[in-house]
Amino acid sequence: MAVSLKARREIPAGARVDHWSAPDGWRLRRLHWPGEGAPRGSILFQTGRGDVFEKYLESFAHWHAQGWSITAFDWRGQGGSGRLTPKANCGHIDDFATYITDLRAFAAAWVAETPGPHVVMGHSMGGHLVLRGLAEKAIAPDAAVLIAPMLAVRSALGRLAAPMARLLARLGDPRRPAWKGNEKPYTTETRANLLTHDPDRYADELWWQAQDRTLLTGAPSWQWLVEAFRSMAALEAGPLETLEVPLLLVVAEADGLVDARAALRIAPRLPDAELLRFGPESAHEILREVDPVRDRAIAAIDLFLDARAPRR
């Protein structure tokens, strides 16, 4: 299922990259790649913290070849959607509710403008926000896929991580970076190893950042951490048993960034959910892993979509 290096490092012909204005006027960088021929449906793909949609062009090409229309946007405050703090590369947000406000408005316009069935996918932080959007009825797609969803994070501080983040946020500007370098503090693992076992796919992200340095998003702010812990706790404590949208959760149990145990706790509570689990063969970025892992994930997603979001 892999595509060429050129396809991973080039916006495809027929796709456009532009900006969409949120209700408050904030400009979100958007990719839209209309399907060709008889419409299969539409996918809205949302990335993780610090991500840009270019990292997933390989997966987009796979679904587009099946007739899907593909849309994605960079979350507010990261990638090509501007910054919310004077520290240029810091990933900051005032409140995760702001992300949900953006998602609600964007998804409403997307549903109105694209053919169904409509599927929303989210990786990592994007997976968290998709599930929260479903729980809050901000979005109502025909089906949803959560890939390595950020439902809890792995931290050396354990249960002390959330109160420690709140304390440190109060001790200075909460918009300041929470740490320097890497994707995770207090670890001996490289950023590459935390994300994927495939060095070529990892290099794609670095290539895109070299082409446009404004796409680079570094460490999160202390406020982002405070809001992430608050949002994750509230989501797990909420009435997830009432969700009606069919869900597929794709989980890497050896994930070094998100705590996969949260997804394994939550999945049985969802009334219409399927679960695909990977072991030590997969790091965090399942769709950017080595071919055996990635191919298995893509195949499972395709089967799920065929069953739960069939062509109309």
# chains A, B, ... in the order shown; residues from 1 in each chain; ligands from 1

$ select_by_dssp --residues "stretch 142-287 of chain A" --states "strand (DSSP E)" --output "number ranges by chain"
A: 143-147, 247-252, 273-278

$ residues_around --residues "A:Ala15" --least-positions-apart "6" --cutoff "9 Å" --atoms "only C-alpha atoms" --output "list in words"
Leu31, His32, Trp33, Pro34 and Ile70 of chain A

$ write_last_selection --atoms "N, CA and C atoms" --output "PDB file, in the first residue's frame"
ATOM      1  N   LEU A  31      -6.359  21.614   3.951  1.00  0.00           N
ATOM      2  CA  LEU A  31      -6.143  20.853   2.722  1.00  0.00           C
ATOM      3  C   LEU A  31      -7.467  20.244   2.313  1.00  0.00           C
ATOM      4  N   HIS A  32      -7.791  20.350   1.014  1.00  0.00           N
ATOM      5  CA  HIS A  32      -8.993  19.683   0.497  1.00  0.00           C
ATOM      6  C   HIS A  32      -8.638  19.024  -0.824  1.00  0.00           C
ATOM      7  N   TRP A  33      -8.926  17.722  -0.911  1.00  0.00           N
ATOM      8  CA  TRP A  33      -8.615  16.922  -2.083  1.00  0.00           C
ATOM      9  C   TRP A  33      -9.900  16.222  -2.509  1.00  0.00           C
ATOM     10  N   PRO A  34     -10.651  16.802  -3.449  1.00  0.00           N
ATOM     11  CA  PRO A  34     -11.926  16.209  -3.842  1.00  0.00           C
ATOM     12  C   PRO A  34     -11.749  14.820  -4.438  1.00  0.00           C
ATOM     13  N   ILE A  70     -10.894  14.011   0.600  1.00  0.00           N
ATOM     14  CA  ILE A  70     -10.075  14.127   1.813  1.00  0.00           C
ATOM     15  C   ILE A  70      -9.968  15.596   2.223  1.00  0.00           C
TER      16      ILE A  70
END

$ select_by_dssp --residues "stretch 30-209 of chain A" --states "helix (DSSP H, G or I)" --output "PyMOL selection string"
chain A and resi 53-65+96-113+125-135+158-170+191-195+199-209

$ closest_atom_pairs --of "stretch 136-187 of chain A" --to "stretch 260-273 of chain A" --cutoff "8 Å" --atoms "only C-alpha atoms" --output "Markdown table"
| residue | atom | partner | partner_atom | distance |
| --- | --- | --- | --- | --- |
| A:Ala148 | CA | A:Ala260 | CA | 7.4 |
| A:Pro149 | CA | A:Ala263 | CA | 7.2 |
| A:Leu151 | CA | A:Ala262 | CA | 5.7 |
| A:Ala152 | CA | A:Ala262 | CA | 5.8 |

$ residues_around --residues "A:Asp24" --least-positions-apart "6" --cutoff "12 Å" --atoms "only C-alpha atoms" --output "compact mmCIF listing (two decimals) with all heavy atoms, in the first residue's frame"
# COMPACT_ATOMS: atom_id res chain seq x y z
N ARG A 76 -5.59 25.08 15.48
CA ARG A 76 -5.24 26.44 15.89
C ARG A 76 -3.99 26.43 16.77
O ARG A 76 -3.86 25.62 17.69
CB ARG A 76 -6.41 27.03 16.68
CG ARG A 76 -6.21 28.44 17.18
CD ARG A 76 -7.38 28.90 18.01
NE ARG A 76 -8.63 28.97 17.23
CZ ARG A 76 -9.41 30.05 17.13
NH1 ARG A 76 -9.07 31.16 17.77
NH2 ARG A 76 -10.52 30.01 16.42
N THR A 98 -11.67 25.56 22.92
CA THR A 98 -11.43 26.36 21.71
C THR A 98 -11.23 25.46 20.51
O THR A 98 -11.73 25.74 19.41
CB THR A 98 -10.20 27.26 21.91
OG1 THR A 98 -10.42 28.11 23.03
CG2 THR A 98 -9.94 28.12 20.68
N THR A 101 -14.66 24.26 19.49
CA THR A 101 -15.40 25.30 18.77
C THR A 101 -14.98 25.34 17.31
O THR A 101 -15.83 25.43 16.41
CB THR A 101 -15.16 26.67 19.43
OG1 THR A 101 -15.67 26.64 20.77
CG2 THR A 101 -15.85 27.78 18.66
N ASP A 102 -13.67 25.25 17.07
CA ASP A 102 -13.18 25.23 15.69
C ASP A 102 -13.68 23.99 14.95
O ASP A 102 -14.13 24.06 13.80
CB ASP A 102 -11.65 25.25 15.67
CG ASP A 102 -11.06 26.60 16.04
OD1 ASP A 102 -11.79 27.61 16.02
OD2 ASP A 102 -9.85 26.64 16.36
N ALA A 105 -17.51 24.16 14.01
CA ALA A 105 -17.81 25.04 12.89
C ALA A 105 -17.26 24.49 11.58
O ALA A 105 -17.94 24.52 10.54
CB ALA A 105 -17.25 26.44 13.16

$ residues_around --residues "A:Asp95" --least-positions-apart "2" --cutoff "9 Å" --atoms "only C-alpha atoms" --output "list of chain:residue names"
A:Ile93, A:Ala97, A:Thr98, A:Tyr99, A:Gln223, A:Trp224, A:Val226, A:Glu227, A:Ala228, A:Ser231

$ residues_around --residues "A:Phe45" --least-positions-apart "6" --cutoff "6 Å" --atoms "only C-alpha atoms" --output "PyMOL selection string"
chain A and resi 72+120-122

$ closest_residue --among "A:Ser4, A:Gly158, A:Pro115, A:Pro199" --to "A:Arg312" --atoms "only C-alpha atoms"
A:Pro115

$ residues_around --residues "stretch 241-248 of chain A" --least-positions-apart "4" --cutoff "12 Å" --atoms "only C-alpha atoms" --output "short mmCIF file (atom, residue, chain, number, x, y, z; two decimals) with all heavy atoms, in the first residue's frame"
data_model
loop_
_atom_site.label_atom_id
_atom_site.label_comp_id
_atom_site.auth_asym_id
_atom_site.auth_seq_id
_atom_site.Cartn_x
_atom_site.Cartn_y
_atom_site.Cartn_z
N HIS A 118 -20.02 10.61 5.69
CA HIS A 118 -18.98 11.44 6.28
C HIS A 118 -18.29 10.70 7.42
O HIS A 118 -18.96 10.19 8.31
CB HIS A 118 -19.57 12.76 6.78
CG HIS A 118 -20.03 13.66 5.68
ND1 HIS A 118 -21.33 13.65 5.21
CD2 HIS A 118 -19.36 14.57 4.93
CE1 HIS A 118 -21.44 14.53 4.22
NE2 HIS A 118 -20.26 15.10 4.03
N VAL A 119 -16.96 10.66 7.34
CA VAL A 119 -16.15 9.95 8.32
C VAL A 119 -15.13 10.93 8.90
O VAL A 119 -14.47 11.66 8.16
CB VAL A 119 -15.40 8.77 7.68
CG1 VAL A 119 -14.46 8.11 8.68
CG2 VAL A 119 -16.40 7.76 7.12
N VAL A 120 -15.01 10.95 10.21
CA VAL A 120 -14.00 11.77 10.87
C VAL A 120 -12.97 10.85 11.49
O VAL A 120 -13.31 9.89 12.19
CB VAL A 120 -14.62 12.69 11.95
CG1 VAL A 120 -13.53 13.54 12.60
CG2 VAL A 120 -15.68 13.59 11.34
N MET A 121 -11.69 11.12 11.20
CA MET A 121 -10.58 10.37 11.77
C MET A 121 -9.71 11.32 12.58
O MET A 121 -9.55 12.49 12.22
CB MET A 121 -9.73 9.73 10.68
CG MET A 121 -10.46 8.75 9.79
SD MET A 121 -9.29 7.95 8.63
CE MET A 121 -10.44 7.01 7.63
N GLY A 122 -9.12 10.81 13.66
CA GLY A 122 -8.23 11.64 14.46
C GLY A 122 -7.08 10.83 15.00
O GLY A 122 -7.26 9.73 15.52
N HIS A 123 -5.87 11.39 14.85
CA HIS A 123 -4.67 10.76 15.41
C HIS A 123 -4.26 11.49 16.67
O HIS A 123 -4.22 12.73 16.71
CB HIS A 123 -3.53 10.82 14.38
CG HIS A 123 -2.16 10.59 14.98
ND1 HIS A 123 -1.77 9.35 15.42
CD2 HIS A 123 -1.14 11.44 15.25
CE1 HIS A 123 -0.53 9.45 15.91
NE2 HIS A 123 -0.14 10.71 15.82
N GLY A 127 -7.42 12.44 17.87
CA GLY A 127 -8.32 11.40 18.31
C GLY A 127 -9.07 11.79 19.58
O GLY A 127 -10.26 11.52 19.72
N VAL A 130 -11.66 14.39 18.53
CA VAL A 130 -12.78 13.78 17.80
C VAL A 130 -13.73 13.10 18.79
O VAL A 130 -14.95 13.27 18.71
CB VAL A 130 -12.27 12.79 16.74
CG1 VAL A 130 -13.42 11.93 16.20
CG2 VAL A 130 -11.59 13.53 15.60
N LEU A 131 -13.18 12.33 19.74
CA LEU A 131 -14.05 11.66 20.71
C LEU A 131 -14.77 12.69 21.58
O LEU A 131 -15.97 12.54 21.86
CB LEU A 131 -13.22 10.71 21.58
CG LEU A 131 -14.03 9.85 22.56
CD1 LEU A 131 -15.06 8.99 21.84
CD2 LEU A 131 -13.11 8.97 23.41
N ARG A 132 -14.07 13.74 21.99
CA ARG A 132 -14.73 14.78 22.78
C ARG A 132 -15.81 15.48 21.94
O ARG A 132 -16.90 15.77 22.45
CB ARG A 132 -13.71 15.79 23.29
CG ARG A 132 -14.34 16.94 24.05
CD ARG A 132 -13.34 17.79 24.79
NE ARG A 132 -13.96 19.04 25.20
CZ ARG A 132 -13.39 19.97 25.96
NH1 ARG A 132 -12.14 19.78 26.39
NH2 ARG A 132 -14.01 21.08 26.28
N GLY A 133 -15.51 15.73 20.66
CA GLY A 133 -16.50 16.34 19.80
C GLY A 133 -17.75 15.49 19.66
O GLY A 133 -18.87 15.99 19.63
N LEU A 134 -17.57 14.17 19.58
CA LEU A 134 -18.71 13.26 19.53
C LEU A 134 -19.49 13.30 20.84
O LEU A 134 -20.73 13.34 20.85
CB LEU A 134 -18.23 11.83 19.26
CG LEU A 134 -17.61 11.56 17.89
CD1 LEU A 134 -16.98 10.17 17.88
CD2 LEU A 134 -18.66 11.68 16.79
N ALA A 135 -18.76 13.28 21.95
CA ALA A 135 -19.42 13.26 23.27
C ALA A 135 -20.22 14.54 23.50
O ALA A 135 -21.29 14.49 24.13
CB ALA A 135 -18.37 13.08 24.36
N GLU A 136 -19.72 15.66 22.99
CA GLU A 136 -20.39 16.94 23.18
C GLU A 136 -21.36 17.25 22.04
O GLU A 136 -21.95 18.33 22.01
CB GLU A 136 -19.36 18.05 23.32
CG GLU A 136 -18.49 17.90 24.55
CD GLU A 136 -17.48 19.02 24.72
OE1 GLU A 136 -17.56 20.04 23.98
OE2 GLU A 136 -16.61 18.89 25.60
N LYS A 137 -21.50 16.30 21.11
CA LYS A 137 -22.38 16.46 19.95
C LYS A 137 -22.01 17.68 19.12
O LYS A 137 -22.87 18.32 18.48
CB LYS A 137 -23.85 16.51 20.38
CG LYS A 137 -24.27 15.24 21.15
CD LYS A 137 -25.75 15.16 21.33
CE LYS A 137 -26.15 13.95 22.17
NZ LYS A 137 -25.57 12.67 21.71
N ILE A 139 -19.93 17.25 16.64
CA ILE A 139 -19.87 16.62 15.33
C ILE A 139 -20.75 15.37 15.36
O ILE A 139 -20.94 14.77 16.42
CB ILE A 139 -18.43 16.25 14.93
CG1 ILE A 139 -17.78 15.34 15.98
CG2 ILE A 139 -17.60 17.50 14.70
CD1 ILE A 139 -16.42 14.81 15.58
N ALA A 140 -21.28 14.99 14.21
CA ALA A 140 -22.13 13.80 14.13
C ALA A 140 -21.89 13.10 12.80
O ALA A 140 -22.78 13.03 11.95
CB ALA A 140 -23.59 14.18 14.29
N PRO A 141 -20.68 12.55 12.60
CA PRO A 141 -20.40 11.85 11.34
C PRO A 141 -21.09 10.49 11.30
O PRO A 141 -21.68 10.04 12.28
CB PRO A 141 -18.88 11.69 11.40
CG PRO A 141 -18.58 11.57 12.86
CD PRO A 141 -19.55 12.51 13.52
N ASP A 142 -21.01 9.85 10.13
CA ASP A 142 -21.57 8.51 10.00
C ASP A 142 -20.71 7.47 10.71
O ASP A 142 -21.21 6.43 11.15
CB ASP A 142 -21.70 8.14 8.52
CG ASP A 142 -22.70 9.04 7.81
OD1 ASP A 142 -23.90 8.90 8.09
OD2 ASP A 142 -22.28 9.89 7.01
N ALA A 143 -19.41 7.73 10.82
CA ALA A 143 -18.48 6.83 11.51
C ALA A 143 -17.24 7.63 11.88
O ALA A 143 -16.99 8.71 11.32
CB ALA A 143 -18.11 5.64 10.63
N ALA A 144 -16.46 7.09 12.82
CA ALA A 144 -15.24 7.78 13.25
C ALA A 144 -14.16 6.75 13.55
O ALA A 144 -14.44 5.63 13.95
CB ALA A 144 -15.52 8.63 14.49
N VAL A 145 -12.91 7.17 13.34
CA VAL A 145 -11.75 6.33 13.59
C VAL A 145 -10.78 7.11 14.47
O VAL A 145 -10.41 8.23 14.15
CB VAL A 145 -11.04 5.92 12.27
CG1 VAL A 145 -9.84 5.02 12.57
CG2 VAL A 145 -12.02 5.22 11.33
N LEU A 146 -10.39 6.49 15.58
CA LEU A 146 -9.42 7.10 16.50
C LEU A 146 -8.14 6.30 16.43
O LEU A 146 -8.13 5.10 16.70
CB LEU A 146 -9.97 7.09 17.93
CG LEU A 146 -11.41 7.58 18.15
CD1 LEU A 146 -11.76 7.53 19.63
CD2 LEU A 146 -11.59 8.98 17.59
N ILE A 147 -7.04 6.96 16.07
CA ILE A 147 -5.76 6.29 15.86
C ILE A 147 -4.78 6.75 16.93
O ILE A 147 -4.44 7.94 17.01
CB ILE A 147 -5.22 6.61 14.45
CG1 ILE A 147 -6.27 6.22 13.40
CG2 ILE A 147 -3.89 5.89 14.19
CD1 ILE A 147 -6.25 7.08 12.17
N ALA A 148 -4.33 5.83 17.78
CA ALA A 148 -3.48 6.16 18.92
C ALA A 148 -4.03 7.37 19.67
O ALA A 148 -3.33 8.35 19.91
CB ALA A 148 -2.04 6.43 18.47
N PRO A 149 -5.31 7.34 20.06
CA PRO A 149 -5.93 8.53 20.64
C PRO A 149 -5.32 8.92 21.97
O PRO A 149 -4.99 8.08 22.80
CB PRO A 149 -7.39 8.11 20.81
CG PRO A 149 -7.35 6.63 20.94
CD PRO A 149 -6.24 6.19 20.03
N LEU A 235 -13.26 13.86 29.86
CA LEU A 235 -13.79 12.98 28.82
C LEU A 235 -14.01 11.57 29.35
O LEU A 235 -15.07 10.97 29.13
CB LEU A 235 -12.82 12.96 27.64
CG LEU A 235 -13.24 12.12 26.42
CD1 LEU A 235 -14.57 12.61 25.86
CD2 LEU A 235 -12.16 12.18 25.34
N GLU A 236 -13.03 11.04 30.08
CA GLU A 236 -13.17 9.67 30.60
C GLU A 236 -14.27 9.59 31.65
O GLU A 236 -14.94 8.56 31.78
CB GLU A 236 -11.85 9.16 31.16
CG GLU A 236 -11.94 7.71 31.60
CD GLU A 236 -10.59 7.04 31.82
OE1 GLU A 236 -9.54 7.71 31.65
OE2 GLU A 236 -10.57 5.84 32.15
N ALA A 237 -14.48 10.67 32.38
CA ALA A 237 -15.52 10.67 33.42
C ALA A 237 -16.92 10.91 32.86
O ALA A 237 -17.91 10.75 33.57
CB ALA A 237 -15.21 11.73 34.47
N ALA A 263 -7.33 4.02 26.45
CA ALA A 263 -8.17 3.59 25.33
C ALA A 263 -8.76 2.21 25.59
O ALA A 263 -9.93 1.95 25.25
CB ALA A 263 -7.36 3.58 24.04
N ILE A 266 -11.63 2.65 27.95
CA ILE A 266 -12.77 3.38 27.40
C ILE A 266 -13.50 2.58 26.33
O ILE A 266 -14.73 2.63 26.23
CB ILE A 266 -12.29 4.74 26.85
CG1 ILE A 266 -11.99 5.69 28.03
CG2 ILE A 266 -13.29 5.37 25.89
CD1 ILE A 266 -11.35 7.00 27.63
N ALA A 267 -12.76 1.82 25.52
CA ALA A 267 -13.38 1.12 24.39
C ALA A 267 -14.59 0.27 24.79
O ALA A 267 -15.63 0.31 24.12
CB ALA A 267 -12.34 0.27 23.67
N PRO A 268 -14.52 -0.52 25.88
CA PRO A 268 -15.69 -1.34 26.24
C PRO A 268 -16.90 -0.52 26.66
O PRO A 268 -18.03 -1.05 26.67
CB PRO A 268 -15.17 -2.19 27.41
CG PRO A 268 -13.68 -2.16 27.28
CD PRO A 268 -13.36 -0.82 26.73
N ARG A 269 -16.71 0.73 27.01
CA ARG A 269 -17.82 1.58 27.42
C ARG A 269 -18.58 2.16 26.23
O ARG A 269 -19.70 2.65 26.40
CB ARG A 269 -17.31 2.73 28.30
CG ARG A 269 -16.68 2.29 29.61
CD ARG A 269 -16.09 3.50 30.34
NE ARG A 269 -17.06 4.57 30.47
CZ ARG A 269 -16.72 5.84 30.76
NH1 ARG A 269 -15.45 6.17 30.90
NH2 ARG A 269 -17.66 6.77 30.86
N LEU A 270 -17.96 2.14 25.07
CA LEU A 270 -18.58 2.71 23.88
C LEU A 270 -19.56 1.69 23.29
O LEU A 270 -19.19 0.54 23.06
CB LEU A 270 -17.51 3.08 22.86
CG LEU A 270 -16.46 4.08 23.35
CD1 LEU A 270 -15.29 4.18 22.37
CD2 LEU A 270 -17.09 5.46 23.57
N PRO A 271 -20.79 2.08 23.05
CA PRO A 271 -21.81 1.09 22.67
C PRO A 271 -21.62 0.49 21.28
O PRO A 271 -22.14 -0.59 21.01
CB PRO A 271 -23.12 1.89 22.73
CG PRO A 271 -22.70 3.32 22.64
CD PRO A 271 -21.36 3.42 23.27
N ASP A 272 -20.87 1.14 20.41
CA ASP A 272 -20.70 0.63 19.05
C ASP A 272 -19.26 0.88 18.62
O ASP A 272 -18.97 1.78 17.84
CB ASP A 272 -21.68 1.31 18.10
CG ASP A 272 -21.71 0.65 16.72
OD1 ASP A 272 -20.95 -0.31 16.51
OD2 ASP A 272 -22.48 1.12 15.86
N ALA A 273 -18.34 0.09 19.17
CA ALA A 273 -16.91 0.33 18.93
C ALA A 273 -16.18 -0.97 18.64
O ALA A 273 -16.48 -2.00 19.22
CB ALA A 273 -16.27 1.02 20.13
N GLU A 274 -15.22 -0.87 17.74
CA GLU A 274 -14.30 -1.96 17.46
C GLU A 274 -12.90 -1.52 17.88
O GLU A 274 -12.58 -0.33 17.88
CB GLU A 274 -14.32 -2.29 15.97
CG GLU A 274 -15.68 -2.74 15.46
CD GLU A 274 -15.68 -2.99 13.96
OE1 GLU A 274 -14.60 -3.29 13.40
OE2 GLU A 274 -16.75 -2.86 13.34
N LEU A 275 -12.07 -2.49 18.22
CA LEU A 275 -10.73 -2.20 18.73
C LEU A 275 -9.69 -3.02 17.98
O LEU A 275 -9.82 -4.24 17.85
CB LEU A 275 -10.67 -2.52 20.23
CG LEU A 275 -9.34 -2.32 20.94
CD1 LEU A 275 -8.94 -0.85 20.96
CD2 LEU A 275 -9.42 -2.86 22.37
N LEU A 276 -8.67 -2.34 17.46
CA LEU A 276 -7.53 -3.00 16.83
C LEU A 276 -6.29 -2.68 17.66
O LEU A 276 -5.98 -1.51 17.88
CB LEU A 276 -7.34 -2.51 15.39
CG LEU A 276 -6.10 -3.03 14.67
CD1 LEU A 276 -6.18 -4.54 14.46
CD2 LEU A 276 -5.92 -2.31 13.33
N ARG A 277 -5.60 -3.73 18.12
CA ARG A 277 -4.46 -3.54 19.03
C ARG A 277 -3.16 -3.97 18.36
O ARG A 277 -3.10 -4.98 17.67
CB ARG A 277 -4.68 -4.36 20.31
CG ARG A 277 -5.92 -3.95 21.05
CD ARG A 277 -6.36 -4.96 22.10
NE ARG A 277 -5.47 -5.02 23.25
CZ ARG A 277 -5.83 -5.52 24.43
NH1 ARG A 277 -7.06 -5.99 24.61
NH2 ARG A 277 -4.97 -5.56 25.43
N ALA A 297 -3.15 -1.74 9.72
CA ALA A 297 -4.04 -0.69 10.21
C ALA A 297 -4.93 -0.17 9.09
O ALA A 297 -6.16 -0.02 9.26
CB ALA A 297 -3.22 0.44 10.82
N ILE A 298 -4.35 0.10 7.93
CA ILE A 298 -5.12 0.63 6.80
C ILE A 298 -6.18 -0.39 6.37
O ILE A 298 -7.34 -0.03 6.11
CB ILE A 298 -4.18 0.94 5.63
CG1 ILE A 298 -3.31 2.16 5.95
CG2 ILE A 298 -4.97 1.16 4.34
CD1 ILE A 298 -4.00 3.49 5.87
N ALA A 300 -7.65 -2.67 8.19
CA ALA A 300 -8.72 -2.71 9.19
C ALA A 300 -9.64 -1.50 9.07
O ALA A 300 -10.86 -1.61 9.20
CB ALA A 300 -8.12 -2.79 10.59
N ILE A 301 -9.05 -0.34 8.82
CA ILE A 301 -9.86 0.87 8.64
C ILE A 301 -10.75 0.73 7.41
O ILE A 301 -11.94 1.08 7.44
CB ILE A 301 -8.96 2.11 8.54
CG1 ILE A 301 -8.25 2.37 9.89
CG2 ILE A 301 -9.76 3.34 8.12
CD1 ILE A 301 -7.18 3.43 9.84
N ASP A 302 -10.20 0.20 6.32
CA ASP A 302 -10.99 0.02 5.10
C ASP A 302 -12.17 -0.92 5.34
O ASP A 302 -13.29 -0.65 4.89
CB ASP A 302 -10.11 -0.53 3.98
CG ASP A 302 -9.14 0.51 3.44
OD1 ASP A 302 -9.30 1.71 3.75
OD2 ASP A 302 -8.22 0.12 2.69
N LEU A 303 -11.93 -2.03 6.03
CA LEU A 303 -13.01 -2.97 6.32
C LEU A 303 -14.09 -2.32 7.19
O LEU A 303 -15.29 -2.51 6.98
CB LEU A 303 -12.46 -4.21 7.01
CG LEU A 303 -11.68 -5.20 6.15
CD1 LEU A 303 -11.05 -6.29 7.01
CD2 LEU A 303 -12.59 -5.83 5.08
N PHE A 304 -13.65 -1.54 8.17
CA PHE A 304 -14.58 -0.83 9.04
C PHE A 304 -15.43 0.15 8.24
O PHE A 304 -16.66 0.20 8.40
CB PHE A 304 -13.80 -0.10 10.13
CG PHE A 304 -14.63 0.81 10.99
CD1 PHE A 304 -15.46 0.29 11.98
CD2 PHE A 304 -14.58 2.19 10.83
CE1 PHE A 304 -16.23 1.13 12.78
CE2 PHE A 304 -15.34 3.03 11.61
CZ PHE A 304 -16.16 2.51 12.59
N LEU A 305 -14.81 0.90 7.34
CA LEU A 305 -15.55 1.87 6.55
C LEU A 305 -16.51 1.18 5.59
O LEU A 305 -17.63 1.66 5.37
CB LEU A 305 -14.59 2.78 5.78
CG LEU A 305 -13.67 3.66 6.63
CD1 LEU A 305 -12.81 4.55 5.75
CD2 LEU A 305 -14.47 4.50 7.62
N ALA A 307 -18.06 -1.53 6.11
CA ALA A 307 -19.19 -2.05 6.89
C ALA A 307 -20.04 -0.95 7.51
O ALA A 307 -21.28 -1.05 7.55
CB ALA A 307 -18.67 -2.98 7.98
N ARG A 308 -19.39 0.12 8.01
CA ARG A 308 -20.11 1.11 8.81
C ARG A 308 -20.35 2.43 8.09
O ARG A 308 -21.13 3.25 8.58
CB ARG A 308 -19.36 1.37 10.12
CG ARG A 308 -18.99 0.12 10.91
CD ARG A 308 -20.15 -0.90 10.99
NE ARG A 308 -21.35 -0.35 11.58
CZ ARG A 308 -21.61 -0.34 12.89
NH1 ARG A 308 -20.75 -0.88 13.73
NH2 ARG A 308 -22.73 0.17 13.34
N ALA A 309 -19.69 2.65 6.96
CA ALA A 309 -19.91 3.87 6.17
C ALA A 309 -19.95 3.46 4.69
O ALA A 309 -19.13 3.91 3.89
CB ALA A 309 -18.80 4.89 6.43
#

$ closest_residue --among "A:Pro220, A:Gly256, A:Gly50, A:Gly238" --to "A:Val153" --atoms "only C-alpha atoms"
A:Gly256
